[in-house]
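All remarks here apply to the structure that follows.
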Amino acid sequence: MKISITVNGVVKALEIADENTPLLWVIRDTLNLKGTKFGCGKAACGACTLHVDGEAVRSCSYPVKFAEGKEVTTIEGLGDRENPHPVQQAWIDEIVPQCGYCQPGFMMATAALLNKVPTPTDEDIDKNIINVCRCGTYYRMRKAIHKAAELQADKVMNESKTL
Amino acid sequence: MADKSKKKVSRRKFLVRGGLGTIGVVAIGAYIFRNPIRRQILGMVNSLEAPYTDNTDKPMVWFEVTSDNTILLHSPKMEMGQGTFTGIAQMAADELSVTMNQIKVVHAASSTGNVDSFATGGSTSISGLWKPLRELAAMLRVMLLKEAALKLNIGVDELSVADGIISGNGKTLTYAQAAEGVEQWEVPDAPVLKDIKDYKYIGQPIARVDLEAKVYGDPIFGMDADMPGMLYGAVVRPTKIGATFVSADTSGAESMPGVIKIIVEDDFVGVVANSMIAAEHAKNAIKVTWNSIEDLDTTAITEMMTVGNGNSTIIQQNGAAFDEDDEFATLEFRSPIGAHAQIEPNGVVASVEADNAIIKISTQVVSLTRKEVAKRLGLDTEQVNIVPTYLGGGFGRRLHTPHAVQAAVMSKAVGKPVKYFFSRKEEFQHDMFRPPTHHIIKGKLNAEGYLDGLEHQFVSGDVATDSALVPNVLTNFLGADVGAIRGGFIQYTDIPNFKSVYWHVELPFATSWWRSLGLLANTFAMESFIDEMALKANKNAVDFRLRQIGEQDIDVRLKNVIKAAAEKAKYSEEVVDGRAMGFAASIDANTPCAQVAEVSIVDNEIKVHKVTVAMDPGLAVNPDQIRAQCEGCVIMGMSAVLYEQMFVENGELTPTIYGPYQMALMKNAPKEIDVILLQGKDTPGAVGEPPLGPIGAAIANAVRRLTGERLTQLPLKLSTES
């Protein structure tokens with residue numbers, strides 16, 4: 001089938017053999033964006049988390065047909081070295097990653113949380129950030145999430161000042 | 001005969017050649033280390049640090065000086081999150097007098113010759129490279145200075161170097177300029193290392209060198225590796241323990257869409273297709289007949305894994321054994337089968353042609369992967385190039401890479417590159433598990449309330465036995481599995497009579513290296529027992545420990561971390577506001593570590609609020625990375641001791657997915673982890689595993705003080721928990 005998805009701001013017209021193909025594999029193998037990871041294939045670990053219309057989605061279990069006409073954001077589109085997203089900046093400031101494999105999923109989940117809850121409490125974090133990290137970086141991640149909330153608030157304030 | 005164990009840089013091996021890279025000059029050095037692997041492993045057993053080892057007489061590429069004045073450092077050690085790349089970049093930058101930004105660390109492909117003959121593991125990367133890497137970097141600096149002197153026509157003594165720029169007499173040259181066009185290098189005799197106080201980076205909490213790549217989602221992992229024209233492979237695997245391949249009916253799969261070829265070998269059936277999903281569908285359509293053994297269950301495994309079964313070996317003894325009529329306290333402990341559960345599945349891309357093979361893979365054993373692929377393909381080792389990637393978690397899981405062989409066989413069969421990776425179910429069912437253990441510990445108090453006798457009898461599934469990594473002659477020589485016994489020794493050597501006995505039982509499924517090996521289970525058992533003895537003696541758990549430790553260097557360092565942890569955590573045996581503290585300590589690979597866990601019961605479950613860690617890894621090359629390893633070990637350790645457990649049901653290992661295989665999540669992790677680093681020796685020691693030791697007992701000991709209940713089984717569950 002033909003399918004049209006906006007990925008990181010760019011419209012992609014794709015020919016997909018099987019409309020039930022998980023979005024993850026279209027992102028990784030068809031579009032060659034490798035930042036979104038495969039961990040379990042059953043939406044159980046969150047390594048494949050990306051945004052569909054701003055919502056955190058576990059893309060290994062999300063058929064590509066549901067993304068038709070929607071905006072998909074991956075870690076590559078969240079921010080870059082020149083213009084890091086507050087979550088990425090906080091992750092750098094707190095030196096969060098160890099092996100790093102699960103980290104894009106956590107950052108995408110965090111960015112989606114901050115869109116809804118700009119100043120999350122520890123309880124908000126516990127309830128919403130439910131990905132799996134094997135290296136045990138949760139301690140630094142929690143600090144980074146609070147930091148990202150501050151950075152994002154500063155950014156919003158600065159932007160409103162310049163308006 | 002000269003002592004061949006002495007490490008030295010060989011002038012003969014320090015060759016220089018051009019043309020390896022597309023830019024600049026290539027410097028090649030070899031560090032010769034002839035210590036037999038057997039002695040190396042024995043060293044590990046005796047809690048000494050294992051050195052970096054190579055076993056080749058061929059030149060090895062360590063450094064490349066590129067035209068933009070960057071130094072490429074080809075690392076024989078893999079980066080799996082432990083921070084080794086950052087530590088070795090600091091070491092090289094300081095001896096080369098360049099900035100951190102001028103060092104770029106890459107995984108050494110096996111074609112560079114810079115292959116560690118053993119593995120990345122055992123918490124040995126920084127300690128093992130400490131001397132050789134700094135010496136090689138210093139040699140390169142001296143060589144570059146010498147060339148600069150010739151080019152500038154100034155004496156070497158008049159030159160100075162900073163940030164990779166050589167200057168003297170008002171003139172300057174970059175390292176790249178100094179190296180340019182040099183064909184014959186003069187190799188200095190003995191590198192002179194800088195004084196430690198002159199190092200700019202060593203000892204500093206430098207941010208990890210792979211931080212940005214990991215924050216911006218760069219494609220750095222084995223799973224991200226591609227090759228042009230790549231196809232996808234899958235391998236049919238049995239679900240039952242002990243199943244062996246008999247025959248396969250592939251008729252249903254051959255005509256499926258996307259299927260390129262079905263490969264039936266003596267030991268596996270594979271399928272190659274034009275997409276991962278097509279390969280998966282075809283794999284499921286292949287009907288394989290397996291030879292099976294009797295269906296096992298967890299109870300059967302537990303019965304096998306009981307002290308008294310199999311053969312025993314005394315690994316430590318002092319004084320007299322217990323008499324039959326002695327009065328002593330006894331406790332039994334058990335730990336379950338544990339999974340590695342690293343998030344990046346095992347994956348590989350193989351491209352095999354008639355006379356060469358390229359394998360991109362996350363592996364902890366470049367040398368072994370290379371040898372196994374070469375052997376199966378009938379190629380020379382030099383014809384196989386292993387191109388290692390970053391590892392999405394290692395933890396010992398990637399010390400086994402038979403999937404590299406399978407991908408290579410599939411690639412050869414179709415004449416194209418083949419990518420192959422495990423499903424999560426395959427990861428869980430075909431893991432090389434942390435073995436279950438059983439411990440019986442006996443202790444006898446003297447009149448003053450200190451231990452007069454202590455005995456640890458324990459049985460474990462194999463860790464090192466039959467591993468391709470360790471010669472079995474070693475295990476046979478010792479009579480004990482060198483991995484399973486880690487942490488099984490008695491560290492309270494001031495006790496007059498003590499004994500530790502290892503029992504060997506072989507399980508019908510594969511068990512092997514899991515981060516810290518026997519340390520997690522052995523320390524849980526031993527330190528829980530010690531705590532119980534302190535209670536029995538009505539003594540403070542910290543004082544009780546300190547009084548029974550010997551006076552050797554390592555003992556003094558152990559006492560220091562115990563004191564430091566107790567002091568920093570304000571260790572107290574009172575339950576305050578429903579919270580109690582638990583104390584435990586261990587020595588692993590010559591690194592002592594003590595922890596205090598602050599625990600309460602919330603909704604009838606064990607909740608860890610804070611963990612204080614005091615550790616003495618010796619010289620801290622990067623204190624921040626050491627802290628990160630302590631934090632990670634605390635959380636991975638609490639995950640293992642509170643939640644994780646594999647079962648055997650109807651002959652199958654289960655569960656096969658995260659969730660049912662319960663692991664610590666954000667909500668479970670302690671909100672406070674306080675790390676104190678002591679530096680009780682002037683060289684770096686083990687970091688990545690030692691902090692896994694105390695956590696289990698620290699939590700259990702806190703629960704004991706909260707509820708009165710002595711928990712003796714991992715994962716720890718309150719008797720009131722459903």
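Chain labels follow the order of the structure tokens: the first chain is A, the next B, and so on; residue numbering restarts at 1 in every chain, and ligands are counted from 1 in their shown order.
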Filtered DSSP result for stretch 114-351 of chain B, state strand (DSSP E or B), as a VMD selection string: chain B and resid 160 to 162 165 to 168 171 to 174 221 231 to 236 240 244 to 249 259 to 264 269 to 273 287 to 291 307 309 311 to 318 329 to 335 337 to 338 347 to 351
Interface residues on chain A facing chain B, 9 Å, only C-alpha atoms, written as an NGL selection string: :A and (21 or 25 or 28 or 33-42 or 44-45 or 47 or 75-76 or 78-81 or 84 or 88-89 or 91-93 or 95-104 or 107 or 122-123 or 125-127 or 129-142)
Take the residues that were just selected and, keeping C-alpha atoms, output them as a PDB file, in the first residue's frame.
ATOM      1  CA  THR A  21       4.538  -3.916   9.424  1.00  0.00           C
ATOM      2  CA  TRP A  25      10.947  -1.305  10.971  1.00  0.00           C
ATOM      3  CA  ARG A  28      14.784   1.830  10.923  1.00  0.00           C
ATOM      4  CA  LEU A  33      16.793   6.210  11.045  1.00  0.00           C
ATOM      5  CA  LYS A  34      18.568   3.894  13.497  1.00  0.00           C
ATOM      6  CA  GLY A  35      18.141   5.954  16.666  1.00  0.00           C
ATOM      7  CA  THR A  36      14.854   4.209  17.460  1.00  0.00           C
ATOM      8  CA  LYS A  37      15.799   0.815  18.862  1.00  0.00           C
ATOM      9  CA  PHE A  38      14.445  -2.709  18.778  1.00  0.00           C
ATOM     10  CA  GLY A  39      14.388  -4.274  22.221  1.00  0.00           C
ATOM     11  CA  CYS A  40      11.596  -6.801  22.587  1.00  0.00           C
ATOM     12  CA  GLY A  41       9.011  -6.505  19.803  1.00  0.00           C
ATOM     13  CA  LYS A  42       6.164  -6.709  22.328  1.00  0.00           C
ATOM     14  CA  ALA A  44       7.387  -4.378  26.919  1.00  0.00           C
ATOM     15  CA  CYS A  45      10.674  -2.447  27.194  1.00  0.00           C
ATOM     16  CA  ALA A  47      13.438   1.016  23.554  1.00  0.00           C
ATOM     17  CA  ILE A  75      15.258  10.914  18.485  1.00  0.00           C
ATOM     18  CA  GLU A  76      16.947  12.304  15.359  1.00  0.00           C
ATOM     19  CA  LEU A  78      13.886  15.689  18.751  1.00  0.00           C
ATOM     20  CA  GLY A  79      16.984  17.819  18.628  1.00  0.00           C
ATOM     21  CA  ASP A  80      20.528  17.792  17.331  1.00  0.00           C
ATOM     22  CA  ARG A  81      24.010  18.851  18.381  1.00  0.00           C
ATOM     23  CA  PRO A  84      19.486  20.067  21.506  1.00  0.00           C
ATOM     24  CA  GLN A  88      18.887  15.896  25.471  1.00  0.00           C
ATOM     25  CA  GLN A  89      20.682  18.815  27.120  1.00  0.00           C
ATOM     26  CA  TRP A  91      20.881  14.024  29.613  1.00  0.00           C
ATOM     27  CA  ILE A  92      24.253  15.529  28.656  1.00  0.00           C
ATOM     28  CA  ASP A  93      24.474  17.684  31.774  1.00  0.00           C
ATOM     29  CA  ILE A  95      25.928  12.281  31.986  1.00  0.00           C
ATOM     30  CA  VAL A  96      23.086   9.768  32.013  1.00  0.00           C
ATOM     31  CA  PRO A  97      23.852   7.057  29.422  1.00  0.00           C
ATOM     32  CA  GLN A  98      25.941   4.005  30.075  1.00  0.00           C
ATOM     33  CA  CYS A  99      25.586   1.467  27.268  1.00  0.00           C
ATOM     34  CA  GLY A 100      23.120   3.928  25.762  1.00  0.00           C
ATOM     35  CA  TYR A 101      20.896   1.512  23.902  1.00  0.00           C
ATOM     36  CA  CYS A 102      17.670   2.229  25.808  1.00  0.00           C
ATOM     37  CA  GLN A 103      18.323   5.953  26.133  1.00  0.00           C
ATOM     38  CA  PRO A 104      16.564   7.282  22.983  1.00  0.00           C
ATOM     39  CA  MET A 107      14.337  10.545  26.153  1.00  0.00           C
ATOM     40  CA  ASP A 122       8.706  12.080  41.359  1.00  0.00           C
ATOM     41  CA  GLU A 123       5.374  10.346  41.385  1.00  0.00           C
ATOM     42  CA  ILE A 125       7.928  10.230  36.739  1.00  0.00           C
ATOM     43  CA  ASP A 126       7.390   6.854  38.419  1.00  0.00           C
ATOM     44  CA  LYS A 127       3.978   6.474  36.802  1.00  0.00           C
ATOM     45  CA  ILE A 129       8.482   6.581  32.713  1.00  0.00           C
ATOM     46  CA  ILE A 130       8.153   2.825  32.586  1.00  0.00           C
ATOM     47  CA  ASN A 131      10.803   1.804  30.067  1.00  0.00           C
ATOM     48  CA  VAL A 132      13.478  -0.714  31.001  1.00  0.00           C
ATOM     49  CA  CYS A 133      17.162   0.191  31.477  1.00  0.00           C
ATOM     50  CA  ARG A 134      19.520  -2.707  32.195  1.00  0.00           C
ATOM     51  CA  CYS A 135      22.571  -0.640  33.122  1.00  0.00           C
ATOM     52  CA  GLY A 136      20.564   0.952  35.942  1.00  0.00           C
ATOM     53  CA  THR A 137      20.765   4.609  34.942  1.00  0.00           C
ATOM     54  CA  TYR A 138      17.419   5.429  36.599  1.00  0.00           C
ATOM     55  CA  TYR A 139      19.054   7.415  39.373  1.00  0.00           C
ATOM     56  CA  ARG A 140      20.685   9.876  36.970  1.00  0.00           C
ATOM     57  CA  MET A 141      17.665   9.791  34.679  1.00  0.00           C
ATOM     58  CA  ARG A 142      15.387  11.045  37.415  1.00  0.00           C
TER      59      ARG A 142
END
Straight-line distance linking atom CA of B:Thr120 with atom CA of B:Thr591, stated in Å to one decimal: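 Distance reported for this atom pair: 18.0 Å.
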Backbone DSSP call of helix (DSSP H, G or I) for chain A, listed as a VMD selection string: chain A and resid 23 to 30 59 to 61 64 to 67 75 to 78 86 to 93 103 to 116 122 to 128 138 to 162
Selection near stretch 522-528 of chain B, 6 Å with only C-alpha atoms, sequence-local residues under 4 positions removed, as a list in words: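 Skipping anything fewer than 4 positions along the chain leaves Phe333, Gly487, Gly488, Gly518, Ala584, Gly693, Gly696 and Ala697 of chain B.
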For A:Pro120: contacts at 12 Å, only C-alpha atoms, fewer than 2 positions along chain excluded, given as a ChimeraX atom specification: /A:110-118,122-129,142-150,152-153
Residue contacts of stretch 453-456 of chain B (12 Å, only C-alpha atoms) excluding same-chain residues fewer than 6 positions away, as number ranges by chain: B: 307, 313-323, 326-333, 438-446, 485, 487-503, 522-523, 525-527, 529-530, 533, 548
Write the residues of the preceding selection, restricted to C-alpha atoms, as a PDB file, in the first residue's frame.
ATOM      1  CA  VAL B 307      24.950 -28.843  48.439  1.00  0.00           C
ATOM      2  CA  THR B 313      36.610 -28.904  46.423  1.00  0.00           C
ATOM      3  CA  ILE B 314      37.902 -27.007  49.422  1.00  0.00           C
ATOM      4  CA  ILE B 315      38.846 -23.578  48.088  1.00  0.00           C
ATOM      5  CA  GLN B 316      39.895 -22.001  51.378  1.00  0.00           C
ATOM      6  CA  GLN B 317      40.739 -23.385  54.799  1.00  0.00           C
ATOM      7  CA  ASN B 318      42.223 -22.154  58.022  1.00  0.00           C
ATOM      8  CA  GLY B 319      42.446 -23.907  61.366  1.00  0.00           C
ATOM      9  CA  ALA B 320      40.301 -26.864  62.299  1.00  0.00           C
ATOM     10  CA  ALA B 321      37.081 -28.031  60.753  1.00  0.00           C
ATOM     11  CA  PHE B 322      33.822 -28.218  62.625  1.00  0.00           C
ATOM     12  CA  ASP B 323      33.374 -31.281  64.798  1.00  0.00           C
ATOM     13  CA  ASP B 326      30.140 -28.641  67.934  1.00  0.00           C
ATOM     14  CA  GLU B 327      27.249 -26.311  68.531  1.00  0.00           C
ATOM     15  CA  PHE B 328      26.813 -24.008  65.616  1.00  0.00           C
ATOM     16  CA  ALA B 329      24.211 -21.924  63.871  1.00  0.00           C
ATOM     17  CA  THR B 330      23.238 -22.885  60.330  1.00  0.00           C
ATOM     18  CA  LEU B 331      21.418 -21.021  57.588  1.00  0.00           C
ATOM     19  CA  GLU B 332      20.711 -22.063  54.020  1.00  0.00           C
ATOM     20  CA  PHE B 333      20.440 -19.658  51.119  1.00  0.00           C
ATOM     21  CA  HIS B 438      22.588 -23.096  47.082  1.00  0.00           C
ATOM     22  CA  HIS B 439      24.599 -22.270  50.197  1.00  0.00           C
ATOM     23  CA  ILE B 440      24.843 -23.822  53.630  1.00  0.00           C
ATOM     24  CA  ILE B 441      26.694 -21.644  56.117  1.00  0.00           C
ATOM     25  CA  LYS B 442      27.641 -22.627  59.651  1.00  0.00           C
ATOM     26  CA  GLY B 443      29.047 -20.431  62.362  1.00  0.00           C
ATOM     27  CA  LYS B 444      30.117 -20.805  65.966  1.00  0.00           C
ATOM     28  CA  LEU B 445      30.561 -17.909  68.384  1.00  0.00           C
ATOM     29  CA  ASN B 446      33.223 -17.852  71.091  1.00  0.00           C
ATOM     30  CA  ILE B 485      33.737 -19.187  43.335  1.00  0.00           C
ATOM     31  CA  GLY B 487      32.840 -13.946  46.260  1.00  0.00           C
ATOM     32  CA  GLY B 488      32.738 -17.408  47.825  1.00  0.00           C
ATOM     33  CA  PHE B 489      35.801 -16.871  49.979  1.00  0.00           C
ATOM     34  CA  ILE B 490      35.691 -15.870  53.618  1.00  0.00           C
ATOM     35  CA  GLN B 491      36.937 -12.320  54.031  1.00  0.00           C
ATOM     36  CA  TYR B 492      36.947 -12.344  57.850  1.00  0.00           C
ATOM     37  CA  THR B 493      40.326 -13.991  58.039  1.00  0.00           C
ATOM     38  CA  ASP B 494      40.860 -13.145  61.676  1.00  0.00           C
ATOM     39  CA  ILE B 495      38.418 -15.945  62.535  1.00  0.00           C
ATOM     40  CA  PRO B 496      40.528 -18.853  63.874  1.00  0.00           C
ATOM     41  CA  ASN B 497      38.751 -21.612  61.959  1.00  0.00           C
ATOM     42  CA  PHE B 498      37.160 -21.194  58.574  1.00  0.00           C
ATOM     43  CA  LYS B 499      36.552 -23.151  55.435  1.00  0.00           C
ATOM     44  CA  SER B 500      34.914 -22.602  52.077  1.00  0.00           C
ATOM     45  CA  VAL B 501      33.828 -25.559  49.971  1.00  0.00           C
ATOM     46  CA  TYR B 502      32.595 -25.429  46.376  1.00  0.00           C
ATOM     47  CA  TRP B 503      30.357 -28.163  44.946  1.00  0.00           C
ATOM     48  CA  ASN B 522      27.898 -15.677  47.354  1.00  0.00           C
ATOM     49  CA  THR B 523      28.026 -12.276  49.029  1.00  0.00           C
ATOM     50  CA  ALA B 525      24.595 -15.567  51.469  1.00  0.00           C
ATOM     51  CA  MET B 526      27.787 -14.789  53.388  1.00  0.00           C
ATOM     52  CA  GLU B 527      26.935 -11.255  54.422  1.00  0.00           C
ATOM     53  CA  PHE B 529      24.859 -14.909  57.656  1.00  0.00           C
ATOM     54  CA  ILE B 530      27.421 -12.562  59.191  1.00  0.00           C
ATOM     55  CA  MET B 533      25.724 -13.812  63.753  1.00  0.00           C
ATOM     56  CA  GLN B 548      37.212 -10.049  62.503  1.00  0.00           C
TER      57      GLN B 548
END
Long-range neighbours of A:Pro22 as a PyMOL selection string, 6 Å cut-off, only C-alpha atoms, 2 positions minimum in chain: chain A and resi 24-25+60-64
Long-range neighbours of B:Gln102 as a VMD selection string, 12 Å cut-off, only C-alpha atoms, 6 positions minimum in chain: chain B and resid 64 to 73 89 to 90 92 to 94 96 162 to 165 174 to 176 209
